[in-house]
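Engineer: Input work.txt, format and content: compact mmCIF, C-alpha atoms.
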```
# COMPACT_ATOMS: atom_id res chain seq x y z
CA MET A 455 -30.37 -71.51 -32.16
CA ASN A 456 -27.74 -74.12 -32.84
CA ASN A 457 -25.83 -76.37 -30.47
CA LEU A 458 -22.33 -75.53 -31.69
CA ARG A 459 -21.21 -74.32 -28.29
CA GLN A 460 -22.22 -77.61 -26.72
CA LEU A 461 -20.75 -79.63 -29.59
CA THR A 462 -17.36 -77.97 -29.08
CA LEU A 463 -17.38 -77.80 -25.29
CA GLU A 464 -14.88 -80.64 -24.78
CA ALA A 465 -12.32 -79.10 -27.15
CA HIS A 466 -12.94 -75.64 -25.69
CA THR A 467 -12.34 -76.97 -22.19
CA ARG A 468 -9.11 -78.72 -23.28
CA ALA A 469 -7.88 -75.46 -24.82
CA GLU A 470 -8.65 -73.43 -21.69
CA ARG A 471 -6.87 -75.98 -19.50
CA GLN A 472 -3.60 -75.78 -21.38
CA SER A 473 -0.73 -74.56 -19.22
CA PHE A 474 0.19 -71.83 -21.72
CA ALA A 475 -3.42 -70.59 -21.84
CA GLY A 476 -3.43 -70.36 -18.05
CA LYS A 477 -0.22 -68.33 -18.06
CA LEU A 478 -1.63 -66.08 -20.78
CA VAL A 479 -4.83 -65.34 -18.86
CA LYS A 480 -2.96 -64.81 -15.57
CA GLY A 481 -0.40 -62.46 -17.11
CA GLN A 482 2.47 -64.82 -16.35
CA LEU A 483 4.17 -64.52 -19.73
CA GLU A 484 7.31 -62.48 -20.14
CA PRO A 485 6.97 -59.86 -22.91
CA LYS A 486 9.19 -61.93 -25.23
CA ARG A 487 6.93 -65.02 -24.82
CA TYR A 488 3.82 -62.91 -25.38
CA TYR A 489 5.45 -61.43 -28.48
CA GLU A 490 6.19 -64.91 -29.81
CA TYR A 491 2.56 -65.85 -29.19
CA LEU A 492 1.35 -62.76 -31.08
CA MET A 493 3.67 -63.45 -34.01
CA ASN A 494 2.21 -66.96 -34.35
CA GLN A 495 -1.31 -65.61 -33.97
CA LEU A 496 -0.60 -63.02 -36.65
CA ALA A 497 0.46 -65.70 -39.14
CA CYS A 498 -2.69 -67.73 -38.42
CA TYR A 499 -5.00 -64.73 -38.62
CA GLN A 500 -3.43 -63.43 -41.82
CA ALA A 501 -4.13 -66.76 -43.53
CA LEU A 502 -7.65 -67.07 -42.11
CA GLU A 503 -8.75 -63.49 -42.64
CA LYS A 504 -7.32 -63.31 -46.14
CA LYS A 505 -9.69 -66.15 -47.07
CA LEU A 506 -12.63 -64.65 -45.18
CA GLU A 507 -12.25 -60.99 -46.14
CA THR A 508 -13.60 -61.34 -49.68
CA TRP A 509 -16.48 -63.49 -48.46
CA LEU A 510 -17.41 -61.16 -45.59
CA THR A 511 -19.23 -58.52 -47.58
CA ASP A 512 -21.12 -57.24 -44.54
CA HIS A 513 -19.21 -54.06 -43.69
CA ASP A 514 -20.05 -54.33 -40.00
CA LEU A 515 -18.84 -57.93 -39.84
CA LEU A 516 -15.48 -56.88 -41.26
CA LYS A 517 -14.92 -55.12 -37.92
CA ILE A 518 -14.32 -58.52 -36.37
CA LEU A 519 -11.05 -58.99 -38.26
CA ARG A 520 -7.96 -58.87 -36.04
CA THR A 521 -4.88 -58.83 -38.28
CA LYS A 522 -4.38 -55.05 -38.20
CA LYS A 523 -4.93 -54.96 -34.44
CA ILE A 524 -2.35 -57.72 -33.85
CA VAL A 525 0.14 -55.82 -36.01
CA GLU A 526 -0.40 -52.71 -33.83
CA ASP A 527 0.36 -54.72 -30.71
CA ILE A 528 3.43 -56.34 -32.26
CA SER A 529 4.76 -52.97 -33.45
CA TRP A 530 4.40 -51.50 -29.98
CA LEU A 531 6.25 -54.44 -28.40
CA GLU A 532 9.02 -54.12 -30.99
CA ALA A 533 9.44 -50.43 -30.24
CA GLU A 534 9.30 -50.92 -26.48
CA TYR A 535 11.54 -53.99 -26.19
CA SER A 536 13.56 -53.90 -29.44
CA PHE A 537 12.15 -57.27 -30.51
CA ASP A 538 12.99 -58.47 -34.01
CA ARG A 539 10.37 -60.27 -36.12
CA ASN A 540 13.08 -62.15 -37.95
CA ALA A 541 14.19 -63.72 -34.66
CA VAL A 542 10.81 -65.38 -34.06
CA ARG A 543 10.28 -68.87 -35.39
CA LEU A 544 6.78 -69.84 -36.38
CA GLN A 545 5.70 -72.99 -34.60
CA PRO A 546 4.97 -76.18 -36.58
CA SER A 547 1.29 -75.95 -35.62
CA THR A 548 1.13 -72.42 -37.06
CA LYS A 549 2.63 -73.58 -40.33
CA ALA A 550 0.23 -76.55 -40.40
CA TYR A 551 -2.73 -74.25 -39.73
CA ILE A 552 -1.76 -71.92 -42.57
CA GLU A 553 -1.52 -74.89 -44.95
CA TYR A 554 -4.85 -76.23 -43.69
CA VAL A 555 -6.63 -72.90 -44.16
CA ASP A 556 -5.28 -72.71 -47.68
CA THR A 557 -7.15 -75.92 -48.57
CA LYS A 558 -10.51 -74.64 -47.32
CA SER A 559 -13.17 -72.37 -48.76
CA ALA A 560 -14.26 -69.25 -46.92
CA VAL A 561 -17.57 -70.88 -45.95
CA ASP A 562 -15.67 -73.83 -44.44
CA LEU A 563 -13.76 -71.37 -42.27
CA ILE A 564 -16.75 -69.68 -40.60
CA PRO A 565 -16.37 -71.97 -37.56
CA HIS A 566 -12.77 -70.75 -37.25
CA LEU A 567 -14.09 -67.19 -37.05
CA TYR A 568 -16.34 -68.37 -34.23
CA VAL A 569 -13.58 -70.18 -32.30
CA ARG A 570 -10.78 -67.66 -32.71
CA HIS A 571 -12.58 -64.34 -32.70
CA PHE A 572 -15.07 -65.21 -29.97
CA GLY A 573 -12.12 -66.40 -27.89
CA ASP A 574 -10.51 -63.03 -28.49
CA MET A 575 -13.67 -61.24 -27.41
CA PHE A 576 -14.32 -63.22 -24.27
CA GLY A 577 -10.90 -64.45 -23.10
CA GLY A 578 -9.27 -61.34 -24.47
CA ALA A 579 -11.11 -59.20 -21.95
CA MET A 580 -9.08 -60.92 -19.21
CA ILE A 581 -5.84 -61.16 -21.21
CA SER A 582 -5.80 -57.45 -22.05
CA LYS A 583 -5.77 -56.54 -18.36
CA VAL A 584 -2.57 -58.47 -17.66
CA SER A 585 -0.56 -58.45 -20.90
CA PRO A 586 2.15 -56.01 -21.97
CA GLY A 587 1.45 -53.45 -24.64
CA LEU A 588 -1.55 -51.84 -26.21
CA CYS A 589 -3.69 -54.99 -26.38
CA LYS A 590 -5.62 -53.63 -29.37
CA TYR A 591 -6.02 -57.26 -30.46
CA TYR A 592 -8.74 -57.69 -27.86
CA GLU A 593 -10.69 -54.49 -28.54
CA PHE A 594 -13.90 -54.89 -30.53
CA GLU A 595 -16.45 -52.34 -31.65
CA ASN A 596 -20.11 -53.36 -31.40
CA LYS A 597 -19.40 -56.70 -29.72
CA LYS A 598 -23.03 -57.69 -29.34
CA GLU A 599 -23.83 -57.06 -32.99
CA LEU A 600 -20.73 -58.96 -34.13
CA ILE A 601 -21.60 -61.90 -31.90
CA ASP A 602 -25.19 -61.99 -33.14
CA ARG A 603 -24.08 -61.73 -36.77
CA VAL A 604 -21.53 -64.55 -36.51
CA ARG A 605 -23.94 -66.74 -34.57
CA SER A 606 -26.50 -66.31 -37.35
CA LEU A 607 -24.00 -67.98 -39.72
CA LEU A 608 -23.37 -71.02 -37.51
CA THR A 609 -24.92 -74.46 -37.82
CA ASP A 610 -24.44 -77.72 -35.95
CA ASP A 611 -22.73 -79.33 -38.93
CA MET A 612 -19.81 -76.92 -38.38
CA ALA A 613 -18.78 -78.68 -35.16
CA ALA A 614 -16.04 -80.82 -36.71
CA GLU A 615 -14.39 -77.77 -38.29
CA ALA A 616 -14.71 -75.76 -35.07
CA ASN A 617 -13.14 -78.63 -33.12
CA ALA A 618 -10.31 -78.75 -35.68
CA CYS A 619 -9.65 -75.07 -35.00
CA PHE A 620 -9.57 -75.72 -31.25
CA ASP A 621 -7.12 -78.58 -31.87
CA SER A 622 -4.85 -76.23 -33.77
CA ALA A 623 -4.93 -73.72 -30.91
CA ILE A 624 -4.17 -76.49 -28.41
CA ASN A 625 -1.20 -77.61 -30.49
CA LEU A 626 0.15 -74.06 -30.55
CA PHE A 627 -0.28 -73.70 -26.78
CA GLU A 628 1.60 -76.97 -26.23
CA GLU A 629 4.44 -75.90 -28.52
CA LEU A 630 4.76 -72.47 -26.94
CA ASP A 631 4.81 -74.03 -23.48
CA ARG A 632 7.89 -76.16 -24.23
```
Using the file provided, produce a representation of the structure as structure tokens.

Structural biologist:
Amino acid sequence: MNNLRQLTLEAHTRAERQSFAGKLVKGQLEPKRYYEYLMNQLACYQALEKKLETWLTDHDLLKILRTKKIVEDISWLEAEYSFDRNAVRLQPSTKAYIEYVDTKSAVDLIPHLYVRHFGDMFGGAMISKVSPGLCKYYEFENKKELIDRVRSLLTDDMAAEANACFDSAINLFEELDR
């Protein structure tokens, strides 16, 4: 068992305490704001999962990927509210994250899988109850097995990279809250 959770606790706590994160969990975002959030998440996940997909040869672990689920949610919101993808501006932190991911190897990005996808599993359970749309993004098959499999890949020396991922999420929350 590693100490990654403890080594990232401060960053995790800062992320959870962001005003935007609070609004997200409490269902206080208008559909348009939630849509903007999902569009930025989609861009981040596309970059991350594109790098990870070829490395993740374990068929069961591929079930953790979220890009297709986020697209389903976005498509539903577009149909329901006539939102236009071209009208959404990606935030600077999203663009910076995409560039950052591009410089990393798949192995370097395993802590990002931990931060982002575990957040989707755990926080997503609350978010899906209060957010508009299908909320497919937060639905996972075989959660326990996915958690165990990802945890088996984690080591303490991944803390700096996991904290960098939290920092990116915090930056996005701050930008979306302006």

Engineer: Please, what distance in Å, to one decimal, runs between atom CA of A:Thr548 and atom CA of A:Ala497?

Structural biologist: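 Those two atoms sit 7.1 Å apart.
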
Engineer: Considering only C-alpha atoms, can you say which of A:Val555, A:Leu515, A:Pro546, A:Gln460 comes closest to A:Gln500?

Structural biologist: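 That would be A:Val555, the residue with the smallest distance to A:Gln500.
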
Engineer: Using all atoms listed in the file, can you tell me which of A:Asn540, A:Lys505, A:Leu600, A:Ala475 comes closest to A:Thr557?

Structural biologist: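 Smallest separation from A:Thr557 among the options: A:Lys505.
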
Engineer: In Å, how far is it from atom CA of A:Tyr488 to atom CA of A:Glu615?

Structural biologist: 26.8 Å

Engineer: As an exercise, work out the distance from atom CA of A:Leu626 to atom CA of A:Tyr499 in Å and give it to one decimal place.

Structural biologist: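 Interatomic distance, atom CA of A:Leu626 to atom CA of A:Tyr499: 13.4 Å.
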
Engineer: Which of these, A:Phe620, A:Asp556, A:Tyr489, A:Ala501, has the shortest distance to A:Cys589 once you count all atoms listed in the file?

Structural biologist: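 Of A:Phe620, A:Asp556, A:Tyr489, A:Ala501, the one nearest A:Cys589 is A:Tyr489, counting all atoms listed in the file.
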
Engineer: Kindly extract all protein, DNA and RNA residues lying within 9 Å of the coordinates (-8.3, -57.6, -28.4) given in the file, considering all atoms listed in the file, and supply them as a ChimeraX atom specification.

Structural biologist: /A:520,523-524,574-575,578-579,581-582,589-594

Engineer: What lies within 10 Å of A:Ala623 using all atoms listed in the file, ignoring chain neighbours under 3 positions off, as a list of chain:residue names?

Structural biologist: A:Ala465, A:His466, A:Ala469, A:Glu470, A:Gln472, A:Ala475, A:Gln495, A:Cys498, A:Ser547, A:Thr548, A:Tyr551, A:Val569, A:Arg570, A:Asn617, A:Ala618, A:Cys619, A:Phe620, A:Leu626, A:Phe627, A:Glu628, A:Glu629

Engineer: Residues near A:Arg487, anyone? I mean within 10 Å using only C-alpha atoms, not counting same-chain ones fewer than 4 positions away, as a list in words.

Structural biologist: Leu478, Gln482, Leu483, Tyr491, Leu492, Met493, Leu630 and Asp631 of chain A

Engineer: Restricting the calculation to only C-alpha atoms, which member of A:Leu502, A:Leu463, A:Glu599, A:Phe572 is positioned closest to A:Tyr554?

Structural biologist: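 Answer, going by the shortest atom-to-atom distance: A:Leu502.
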
Engineer: For each of A:Glu484, A:Asp602, A:Asp610, A:Glu595, take the minimum atom-to-atom distance to A:Tyr535, counting all atoms listed in the file, then give the residue where this is smallest.

Structural biologist: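 Closest to A:Tyr535, using all atoms listed in the file: A:Glu484.
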
Engineer: When distances are computed from only C-alpha atoms, which of A:Ala614, A:Glu534, A:Ser585, A:Val561 shows the smallest separation from A:Thr508?

Structural biologist: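 Among the listed residues, the smallest separation from A:Thr508 belongs to A:Val561.
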
Engineer: Can stretch 553-581 of chain A be brought up to N, CA and C atoms and written out as a PDB file, keeping the file's coordinate frame?

Structural biologist:
```pdb
ATOM      1  N   GLU A 553      -1.334 -73.944 -43.836  1.00  0.00           N
ATOM      2  CA  GLU A 553      -1.520 -74.890 -44.950  1.00  0.00           C
ATOM      3  C   GLU A 553      -2.953 -75.423 -44.970  1.00  0.00           C
ATOM      4  N   TYR A 554      -3.485 -75.709 -43.800  1.00  0.00           N
ATOM      5  CA  TYR A 554      -4.850 -76.230 -43.690  1.00  0.00           C
ATOM      6  C   TYR A 554      -5.865 -75.206 -44.203  1.00  0.00           C
ATOM      7  N   VAL A 555      -5.727 -73.973 -43.746  1.00  0.00           N
ATOM      8  CA  VAL A 555      -6.630 -72.900 -44.160  1.00  0.00           C
ATOM      9  C   VAL A 555      -6.598 -72.729 -45.677  1.00  0.00           C
ATOM     10  N   ASP A 556      -5.434 -72.875 -46.244  1.00  0.00           N
ATOM     11  CA  ASP A 556      -5.280 -72.710 -47.680  1.00  0.00           C
ATOM     12  C   ASP A 556      -6.091 -73.730 -48.483  1.00  0.00           C
ATOM     13  N   THR A 557      -6.389 -74.873 -47.876  1.00  0.00           N
ATOM     14  CA  THR A 557      -7.150 -75.920 -48.570  1.00  0.00           C
ATOM     15  C   THR A 557      -8.660 -75.751 -48.432  1.00  0.00           C
ATOM     16  N   LYS A 558      -9.089 -74.798 -47.635  1.00  0.00           N
ATOM     17  CA  LYS A 558     -10.510 -74.640 -47.320  1.00  0.00           C
ATOM     18  C   LYS A 558     -11.123 -73.447 -48.047  1.00  0.00           C
ATOM     19  N   SER A 559     -12.435 -73.522 -48.222  1.00  0.00           N
ATOM     20  CA  SER A 559     -13.170 -72.370 -48.760  1.00  0.00           C
ATOM     21  C   SER A 559     -13.502 -71.429 -47.607  1.00  0.00           C
ATOM     22  N   ALA A 560     -13.882 -70.220 -47.944  1.00  0.00           N
ATOM     23  CA  ALA A 560     -14.260 -69.250 -46.920  1.00  0.00           C
ATOM     24  C   ALA A 560     -15.427 -69.760 -46.075  1.00  0.00           C
ATOM     25  N   VAL A 561     -16.406 -70.373 -46.695  1.00  0.00           N
ATOM     26  CA  VAL A 561     -17.570 -70.880 -45.950  1.00  0.00           C
ATOM     27  C   VAL A 561     -17.137 -71.957 -44.959  1.00  0.00           C
ATOM     28  N   ASP A 562     -16.179 -72.801 -45.348  1.00  0.00           N
ATOM     29  CA  ASP A 562     -15.670 -73.830 -44.440  1.00  0.00           C
ATOM     30  C   ASP A 562     -15.009 -73.221 -43.213  1.00  0.00           C
ATOM     31  N   LEU A 563     -14.540 -71.991 -43.335  1.00  0.00           N
ATOM     32  CA  LEU A 563     -13.760 -71.370 -42.270  1.00  0.00           C
ATOM     33  C   LEU A 563     -14.595 -70.527 -41.304  1.00  0.00           C
ATOM     34  N   ILE A 564     -15.887 -70.430 -41.526  1.00  0.00           N
ATOM     35  CA  ILE A 564     -16.750 -69.680 -40.600  1.00  0.00           C
ATOM     36  C   ILE A 564     -16.626 -70.199 -39.160  1.00  0.00           C
ATOM     37  N   PRO A 565     -16.551 -71.517 -38.945  1.00  0.00           N
ATOM     38  CA  PRO A 565     -16.370 -71.970 -37.560  1.00  0.00           C
ATOM     39  C   PRO A 565     -15.050 -71.503 -36.940  1.00  0.00           C
ATOM     40  N   HIS A 566     -14.041 -71.260 -37.756  1.00  0.00           N
ATOM     41  CA  HIS A 566     -12.770 -70.750 -37.250  1.00  0.00           C
ATOM     42  C   HIS A 566     -12.942 -69.309 -36.768  1.00  0.00           C
ATOM     43  N   LEU A 567     -13.755 -68.553 -37.467  1.00  0.00           N
ATOM     44  CA  LEU A 567     -14.090 -67.190 -37.050  1.00  0.00           C
ATOM     45  C   LEU A 567     -14.750 -67.243 -35.668  1.00  0.00           C
ATOM     46  N   TYR A 568     -15.653 -68.181 -35.504  1.00  0.00           N
ATOM     47  CA  TYR A 568     -16.340 -68.370 -34.230  1.00  0.00           C
ATOM     48  C   TYR A 568     -15.339 -68.721 -33.114  1.00  0.00           C
ATOM     49  N   VAL A 569     -14.503 -69.716 -33.338  1.00  0.00           N
ATOM     50  CA  VAL A 569     -13.580 -70.180 -32.300  1.00  0.00           C
ATOM     51  C   VAL A 569     -12.553 -69.105 -31.963  1.00  0.00           C
ATOM     52  N   ARG A 570     -11.878 -68.592 -32.959  1.00  0.00           N
ATOM     53  CA  ARG A 570     -10.780 -67.660 -32.710  1.00  0.00           C
ATOM     54  C   ARG A 570     -11.256 -66.282 -32.258  1.00  0.00           C
ATOM     55  N   HIS A 571     -12.186 -65.721 -32.983  1.00  0.00           N
ATOM     56  CA  HIS A 571     -12.580 -64.340 -32.700  1.00  0.00           C
ATOM     57  C   HIS A 571     -13.462 -64.238 -31.467  1.00  0.00           C
ATOM     58  N   PHE A 572     -14.296 -65.235 -31.214  1.00  0.00           N
ATOM     59  CA  PHE A 572     -15.070 -65.210 -29.970  1.00  0.00           C
ATOM     60  C   PHE A 572     -14.132 -65.406 -28.782  1.00  0.00           C
ATOM     61  N   GLY A 573     -13.119 -66.247 -28.945  1.00  0.00           N
ATOM     62  CA  GLY A 573     -12.120 -66.400 -27.890  1.00  0.00           C
ATOM     63  C   GLY A 573     -11.417 -65.089 -27.602  1.00  0.00           C
ATOM     64  N   ASP A 574     -11.140 -64.339 -28.658  1.00  0.00           N
ATOM     65  CA  ASP A 574     -10.510 -63.030 -28.490  1.00  0.00           C
ATOM     66  C   ASP A 574     -11.436 -62.059 -27.765  1.00  0.00           C
ATOM     67  N   MET A 575     -12.714 -62.133 -28.061  1.00  0.00           N
ATOM     68  CA  MET A 575     -13.670 -61.240 -27.410  1.00  0.00           C
ATOM     69  C   MET A 575     -13.830 -61.555 -25.935  1.00  0.00           C
ATOM     70  N   PHE A 576     -13.996 -62.832 -25.640  1.00  0.00           N
ATOM     71  CA  PHE A 576     -14.320 -63.220 -24.270  1.00  0.00           C
ATOM     72  C   PHE A 576     -13.060 -63.403 -23.419  1.00  0.00           C
ATOM     73  N   GLY A 577     -12.147 -64.259 -23.834  1.00  0.00           N
ATOM     74  CA  GLY A 577     -10.900 -64.450 -23.100  1.00  0.00           C
ATOM     75  C   GLY A 577     -10.014 -63.223 -23.168  1.00  0.00           C
ATOM     76  N   GLY A 578     -10.088 -62.527 -24.288  1.00  0.00           N
ATOM     77  CA  GLY A 578      -9.270 -61.340 -24.470  1.00  0.00           C
ATOM     78  C   GLY A 578      -9.560 -60.239 -23.464  1.00  0.00           C
ATOM     79  N   ALA A 579     -10.768 -60.204 -22.960  1.00  0.00           N
ATOM     80  CA  ALA A 579     -11.110 -59.200 -21.950  1.00  0.00           C
ATOM     81  C   ALA A 579     -10.234 -59.381 -20.705  1.00  0.00           C
ATOM     82  N   MET A 580      -9.954 -60.632 -20.354  1.00  0.00           N
ATOM     83  CA  MET A 580      -9.080 -60.920 -19.210  1.00  0.00           C
ATOM     84  C   MET A 580      -7.610 -60.728 -19.587  1.00  0.00           C
ATOM     85  N   ILE A 581      -7.233 -61.214 -20.763  1.00  0.00           N
ATOM     86  CA  ILE A 581      -5.840 -61.160 -21.210  1.00  0.00           C
ATOM     87  C   ILE A 581      -5.357 -59.723 -21.334  1.00  0.00           C
TER      88      ILE A 581
END
```
